[in-house]
Amino acid sequence: MNITVSNLKFVNEVIHSHTDERVTFSESSDQSLQFESLAADRDPFSSTVTLRVANHTLACPTAIRYLPEPQFTDFISAPAADHLRLTIEKKSDELQMAPEDLRVKGVQGGEDYDCVITKIERSSGTDFITCVIQISSDAEITSVKIMYGSQTKVLTHFDYLKLLLLLLVVPLIVGTGVGVYCWQKRSLTARMNNLIEVLEMDIRNDIRQGFVDMQTEDSDLIENVGAIPFLDYKHFAAKIFFPEGGSLMTACLKDISQDPRKMEKQDDGCGRLAQLLREPLFLTSMVHTLEEQKSFTIQHKCTVASVLTVALHRDLGYLTEVMEQLLRAAMEQPSNGQHKMVLRRTQSIVEKVLTNWMSICLYGFLRESAGQHLYFLVSALTQQIAKGPVDSVTEKALYTLSEDWLLWQAQDFTAVKLQAVFMVGGDGQLSEPLEVEALSCDTVDQVKLKILAVFKAKFGFAYNIPLRDIRLELEQGPGVFVALEEVDRSSEVIGEVTMLNTLRHYKVPAKVTVKVLSTGCHPPLVSQSSVK
């Protein structure tokens, strides 16, 4: 801006009305001032220029009008005879820019070439600025620099051919990528299906082979089980009523087998007690009173229930009536929200009475119908469990129906057939050998149990010697036997844990003879046996 004024030496400051920023003079003389107008943050608007002279301000007669910046949109290069003509497009505005207000340079190969403006044509909506560059007509101008005032605008030539090529190449690349992805996905899906099919076939084969390995014929089962050990009624009832044995079990056997006609020869006290037990009110009150005693343990409750069952088992109808009253009272208690738990536990007198009552009622059915099948089922399960490894400490097995007792990590094992012989008499004679199927991962105590099971199945009675008093000796040569122990000096020690000896540890071959001896004294206990 150039301000012409007389007496310029009295002017202290130039002020723009739209801002408080101070004006910096670029040139000044006695009659004129030159400076750049201060920028504005909005447009369009008008700003007044005021001169401060001493304590007065003088406004210039002409206001400054701020308009938006010019917008250059595109340029086109056209070859001429010996030069290159550029046509720059600009949106029409009110700036009324003249050729001397603009400077244009063309960029080719990183170098700037001056472009002389020859004319500016204005039309509705678009202004065309034409300039000439003294350069070869076949030169390619990549961009144009337009300078006005202190501003510089750079226009890049918009290549429609490249855009068209880009629009053609991008879908082709995308389509190729999608095709490759779909092909890889189908290929991966096919491979996964093949792997899954192979895995399913392997699993089916393993399951089929497992069924074949676990299959047990009825004849083999009967041969391995031997005689079914049915109990007579009094021993069956005694084992149910008093599973822990003792003097009460002996008295129970005596009372159950006693002739009813001799029951009248009891003393006067027992007779009166028997009469009181025949009173339902007295019997139920006694049971409730005993149940309320905090010092009355579960073992005491089971004992009382079994004694009552022995005393009243000859009158099963009366026992059933009293049991129904006690069950109804127990189910009405708030603590017994789950009535089905009554059939699963024996924590009260009535629950133990119910267990005894069901055992008495089912004895004939078990002996005549279901007992043999249930015994075969349990025996078959026991045999199948014995075909795989069983942890000697936790008793978890590889072949089991319970997930809680499944041995998840089982070591490799092989079947080992042993020839077990027993000492007959005191002169060192040996019995006929029994063929026992063991596993290479079985411990010494597990081998003992399998030998005793084969002995019982073979002869129909148990080998009545405690397991602690049985010792095994392995034949290593004619007349040479080596003792097999759970833990000895050769046991493997891992950290602070001593591993139990197995048949693999002793390198026991197949068809080897194992002598079963009975010791007169108990061997000392080891830590592993105590843990077990």
# chains A, B, ... in the order shown; residues from 1 in each chain; ligands from 1

call {"tool": "select_by_dssp", "arguments": {"residues": "segment 234-425 of chain A", "states": "alpha helix (DSSP H)", "output": "MDAnalysis selection string"}}
result
chainID A and resid 234:241 247:256 268:277 280:292 298:312 316:331 349:365 371:386

call {"tool": "write_last_selection", "arguments": {"atoms": "C-alpha atoms", "output": "short mmCIF file (atom, residue, chain, number, x, y, z; two decimals), in the first residue's frame"}}
result
data_model
loop_
_atom_site.label_atom_id
_atom_site.label_comp_id
_atom_site.auth_asym_id
_atom_site.auth_seq_id
_atom_site.Cartn_x
_atom_site.Cartn_y
_atom_site.Cartn_z
CA LYS A 234 -27.77 -113.31 57.62
CA HIS A 235 -24.25 -112.55 56.34
CA PHE A 236 -25.70 -110.28 53.63
CA ALA A 237 -27.75 -108.36 56.21
CA ALA A 238 -24.85 -108.19 58.68
CA LYS A 239 -22.52 -106.67 56.06
CA ILE A 240 -25.17 -104.08 55.13
CA PHE A 241 -26.14 -103.19 58.71
CA SER A 247 -19.00 -107.22 68.15
CA LEU A 248 -22.24 -105.69 66.89
CA MET A 249 -21.93 -107.64 63.67
CA THR A 250 -21.43 -110.87 65.64
CA ALA A 251 -24.50 -110.12 67.77
CA CYS A 252 -26.44 -109.31 64.61
CA LEU A 253 -25.58 -112.70 63.10
CA LYS A 254 -26.66 -114.42 66.30
CA ASP A 255 -29.93 -112.50 66.54
CA ILE A 256 -30.88 -112.97 62.87
CA ASP A 268 -38.20 -108.91 81.80
CA GLY A 269 -36.32 -105.69 80.81
CA CYS A 270 -35.74 -106.79 77.25
CA GLY A 271 -39.38 -107.81 76.96
CA ARG A 272 -40.63 -104.44 78.10
CA LEU A 273 -38.23 -102.67 75.73
CA ALA A 274 -39.51 -104.84 72.90
CA GLN A 275 -43.06 -103.80 73.78
CA LEU A 276 -42.10 -100.11 73.78
CA LEU A 277 -40.48 -100.50 70.38
CA PRO A 280 -44.98 -96.03 66.96
CA LEU A 281 -45.25 -92.87 69.09
CA PHE A 282 -42.49 -93.99 71.44
CA LEU A 283 -40.24 -95.14 68.61
CA THR A 284 -40.58 -91.95 66.55
CA SER A 285 -40.13 -89.75 69.66
CA MET A 286 -36.99 -91.65 70.61
CA VAL A 287 -35.54 -91.22 67.11
CA HIS A 288 -36.30 -87.48 67.06
CA THR A 289 -34.78 -87.05 70.52
CA LEU A 290 -31.58 -88.83 69.50
CA GLU A 291 -31.36 -86.79 66.30
CA GLU A 292 -31.48 -83.55 68.29
CA ILE A 298 -23.28 -90.03 62.27
CA GLN A 299 -21.66 -93.34 63.24
CA HIS A 300 -23.86 -93.51 66.33
CA LYS A 301 -26.96 -92.76 64.22
CA CYS A 302 -26.11 -95.54 61.76
CA THR A 303 -25.53 -97.97 64.61
CA VAL A 304 -28.91 -97.16 66.23
CA ALA A 305 -30.65 -97.51 62.85
CA SER A 306 -29.06 -100.92 62.23
CA VAL A 307 -29.93 -102.15 65.74
CA LEU A 308 -33.57 -101.06 65.23
CA THR A 309 -33.63 -102.82 61.86
CA VAL A 310 -32.34 -106.06 63.45
CA ALA A 311 -34.91 -105.80 66.25
CA LEU A 312 -37.87 -105.17 63.89
CA LEU A 316 -41.37 -105.72 58.08
CA GLY A 317 -44.84 -104.15 57.82
CA TYR A 318 -44.49 -102.34 61.15
CA LEU A 319 -40.94 -101.26 60.26
CA THR A 320 -42.22 -99.88 56.94
CA GLU A 321 -44.97 -97.90 58.69
CA VAL A 322 -42.58 -96.30 61.18
CA MET A 323 -40.06 -95.56 58.43
CA GLU A 324 -42.74 -93.76 56.40
CA GLN A 325 -43.57 -91.50 59.35
CA LEU A 326 -39.90 -90.69 59.93
CA LEU A 327 -39.32 -90.00 56.22
CA ARG A 328 -42.32 -87.68 56.04
CA ALA A 329 -41.06 -85.73 59.06
CA ALA A 330 -37.54 -85.54 57.60
CA MET A 331 -38.79 -84.21 54.25
CA ILE A 349 -31.21 -92.59 61.52
CA VAL A 350 -34.11 -92.66 59.05
CA GLU A 351 -31.74 -92.58 56.03
CA LYS A 352 -29.82 -95.58 57.37
CA VAL A 353 -33.09 -97.37 58.14
CA LEU A 354 -34.20 -96.73 54.55
CA THR A 355 -30.91 -98.22 53.25
CA ASN A 356 -31.31 -101.31 55.44
CA TRP A 357 -34.98 -101.68 54.47
CA MET A 358 -34.20 -101.54 50.74
CA SER A 359 -31.39 -104.10 51.21
CA ILE A 360 -33.77 -106.52 52.95
CA CYS A 361 -36.41 -106.09 50.24
CA LEU A 362 -33.95 -106.49 47.37
CA TYR A 363 -32.09 -109.53 48.69
CA GLY A 364 -34.24 -112.10 46.91
CA PHE A 365 -34.23 -110.13 43.65
CA GLY A 371 -27.01 -110.46 41.25
CA GLN A 372 -25.23 -112.57 38.66
CA HIS A 373 -25.45 -109.88 35.96
CA LEU A 374 -24.30 -107.13 38.31
CA TYR A 375 -21.39 -109.27 39.47
CA PHE A 376 -20.38 -109.96 35.88
CA LEU A 377 -20.62 -106.24 35.10
CA VAL A 378 -18.41 -105.25 38.02
CA SER A 379 -15.97 -108.05 37.20
CA ALA A 380 -15.82 -107.00 33.53
CA LEU A 381 -15.16 -103.38 34.51
CA THR A 382 -12.45 -104.49 36.91
CA GLN A 383 -10.81 -106.61 34.21
CA GLN A 384 -10.92 -103.79 31.68
CA ILE A 385 -9.41 -101.34 34.17
CA ALA A 386 -6.63 -103.85 34.87
#

call {"tool": "closest_residue", "arguments": {"among": "A:Leu155, A:Ile15, A:Ile470, A:Val170", "to": "Ile76 of chain A", "atoms": "only C-alpha atoms"}}
result
A:Leu155

call {"tool": "residues_around", "arguments": {"residues": "Gln31 of chain A", "least_positions_apart": "5", "cutoff": "9 Å", "atoms": "only C-alpha atoms", "output": "PyMOL selection string"}}
result
chain A and resi 3-9

call {"tool": "write_last_selection", "arguments": {"atoms": "N, CA, C and O atoms", "output": "PDB file, in the first residue's frame"}}
result
ATOM      1  N   ILE A   3       0.666   5.365   0.704  1.00  0.00           N
ATOM      2  CA  ILE A   3      -0.123   6.499   1.217  1.00  0.00           C
ATOM      3  C   ILE A   3       0.660   7.788   0.927  1.00  0.00           C
ATOM      4  O   ILE A   3       1.837   7.901   1.317  1.00  0.00           O
ATOM      5  N   THR A   4       0.007   8.706   0.218  1.00  0.00           N
ATOM      6  CA  THR A   4       0.624   9.997  -0.080  1.00  0.00           C
ATOM      7  C   THR A   4       0.013  11.044   0.841  1.00  0.00           C
ATOM      8  O   THR A   4      -1.218  11.177   0.910  1.00  0.00           O
ATOM      9  N   VAL A   5       0.858  11.747   1.535  1.00  0.00           N
ATOM     10  CA  VAL A   5       0.377  12.691   2.534  1.00  0.00           C
ATOM     11  C   VAL A   5       1.415  13.802   2.690  1.00  0.00           C
ATOM     12  O   VAL A   5       2.606  13.575   2.517  1.00  0.00           O
ATOM     13  N   SER A   6       0.962  15.004   2.974  1.00  0.00           N
ATOM     14  CA  SER A   6       1.883  16.110   3.245  1.00  0.00           C
ATOM     15  C   SER A   6       2.224  16.133   4.725  1.00  0.00           C
ATOM     16  O   SER A   6       1.472  15.605   5.556  1.00  0.00           O
ATOM     17  N   ASN A   7       3.343  16.749   5.042  1.00  0.00           N
ATOM     18  CA  ASN A   7       3.792  16.820   6.431  1.00  0.00           C
ATOM     19  C   ASN A   7       3.890  15.426   7.067  1.00  0.00           C
ATOM     20  O   ASN A   7       3.383  15.145   8.147  1.00  0.00           O
ATOM     21  N   LEU A   8       4.499  14.493   6.346  1.00  0.00           N
ATOM     22  CA  LEU A   8       4.594  13.113   6.805  1.00  0.00           C
ATOM     23  C   LEU A   8       5.409  12.975   8.084  1.00  0.00           C
ATOM     24  O   LEU A   8       5.227  12.025   8.839  1.00  0.00           O
ATOM     25  N   LYS A   9       6.236  13.962   8.339  1.00  0.00           N
ATOM     26  CA  LYS A   9       7.093  13.837   9.514  1.00  0.00           C
ATOM     27  C   LYS A   9       6.308  13.897  10.816  1.00  0.00           C
ATOM     28  O   LYS A   9       6.817  13.509  11.868  1.00  0.00           O
TER      29      LYS A   9
END

call {"tool": "atom_distance", "arguments": {"atom1": "atom CA of Thr87 of chain A", "atom2": "atom CA of Lys162 of chain A"}}
result
20.8 Å

call {"tool": "atom_distance", "arguments": {"atom1": "atom CA of Arg103 of chain A", "atom2": "atom CA of Met147 of chain A"}}
result
5.1 Å

call {"tool": "residues_around", "arguments": {"residues": "Thr443 of chain A", "least_positions_apart": "5", "cutoff": "12 Å", "atoms": "only C-alpha atoms", "output": "list in words"}}
result
Pro389, Val390, Asp391, Ser392, Val393, Ala438, Lys448, Leu449, Lys450, Leu472, Leu484, Glu485, Glu486, Val487, Ser491, Met499, Leu500, Asn501, Thr502, Leu503, Arg504, His505, Tyr506, Val508, Gln528 and Ser529 of chain A

call {"tool": "select_by_dssp", "arguments": {"residues": "segment 237-456 of chain A", "states": "strand (DSSP E or B)", "output": "list of chain:residue names"}}
result
A:Val390, A:Ala397, A:Leu406, A:Ala415, A:Val416, A:Lys417, A:Leu418, A:Gln419, A:Ala420, A:Val421, A:Phe422, A:Met423, A:Val424, A:Gln429, A:Leu430, A:Leu434, A:Glu435, A:Val436, A:Glu437, A:Ala438, A:Leu439, A:Thr443

call {"tool": "residues_around", "arguments": {"residues": "Ala453 of chain A", "least_positions_apart": "4", "cutoff": "12 Å", "atoms": "only C-alpha atoms", "output": "ChimeraX atom specification"}}
result
/A:224-226,379,382-383,386,420,434-438,446-449,457-464

call {"tool": "residues_around", "arguments": {"residues": "segment 41-54 of chain A", "least_positions_apart": "2", "cutoff": "6 Å", "atoms": "only C-alpha atoms", "output": "NGL selection string"}}
result
:A and (10-18 or 56-60 or 63-68)

call {"tool": "residues_around", "arguments": {"residues": "Val482 of chain A", "least_positions_apart": "3", "cutoff": "9 Å", "atoms": "only C-alpha atoms", "output": "PyMOL selection string"}}
result
chain A and resi 472-476

call {"tool": "atom_distance", "arguments": {"atom1": "atom CA of Leu418 of chain A", "atom2": "atom CA of Ala510 of chain A"}}
result
6.3 Å
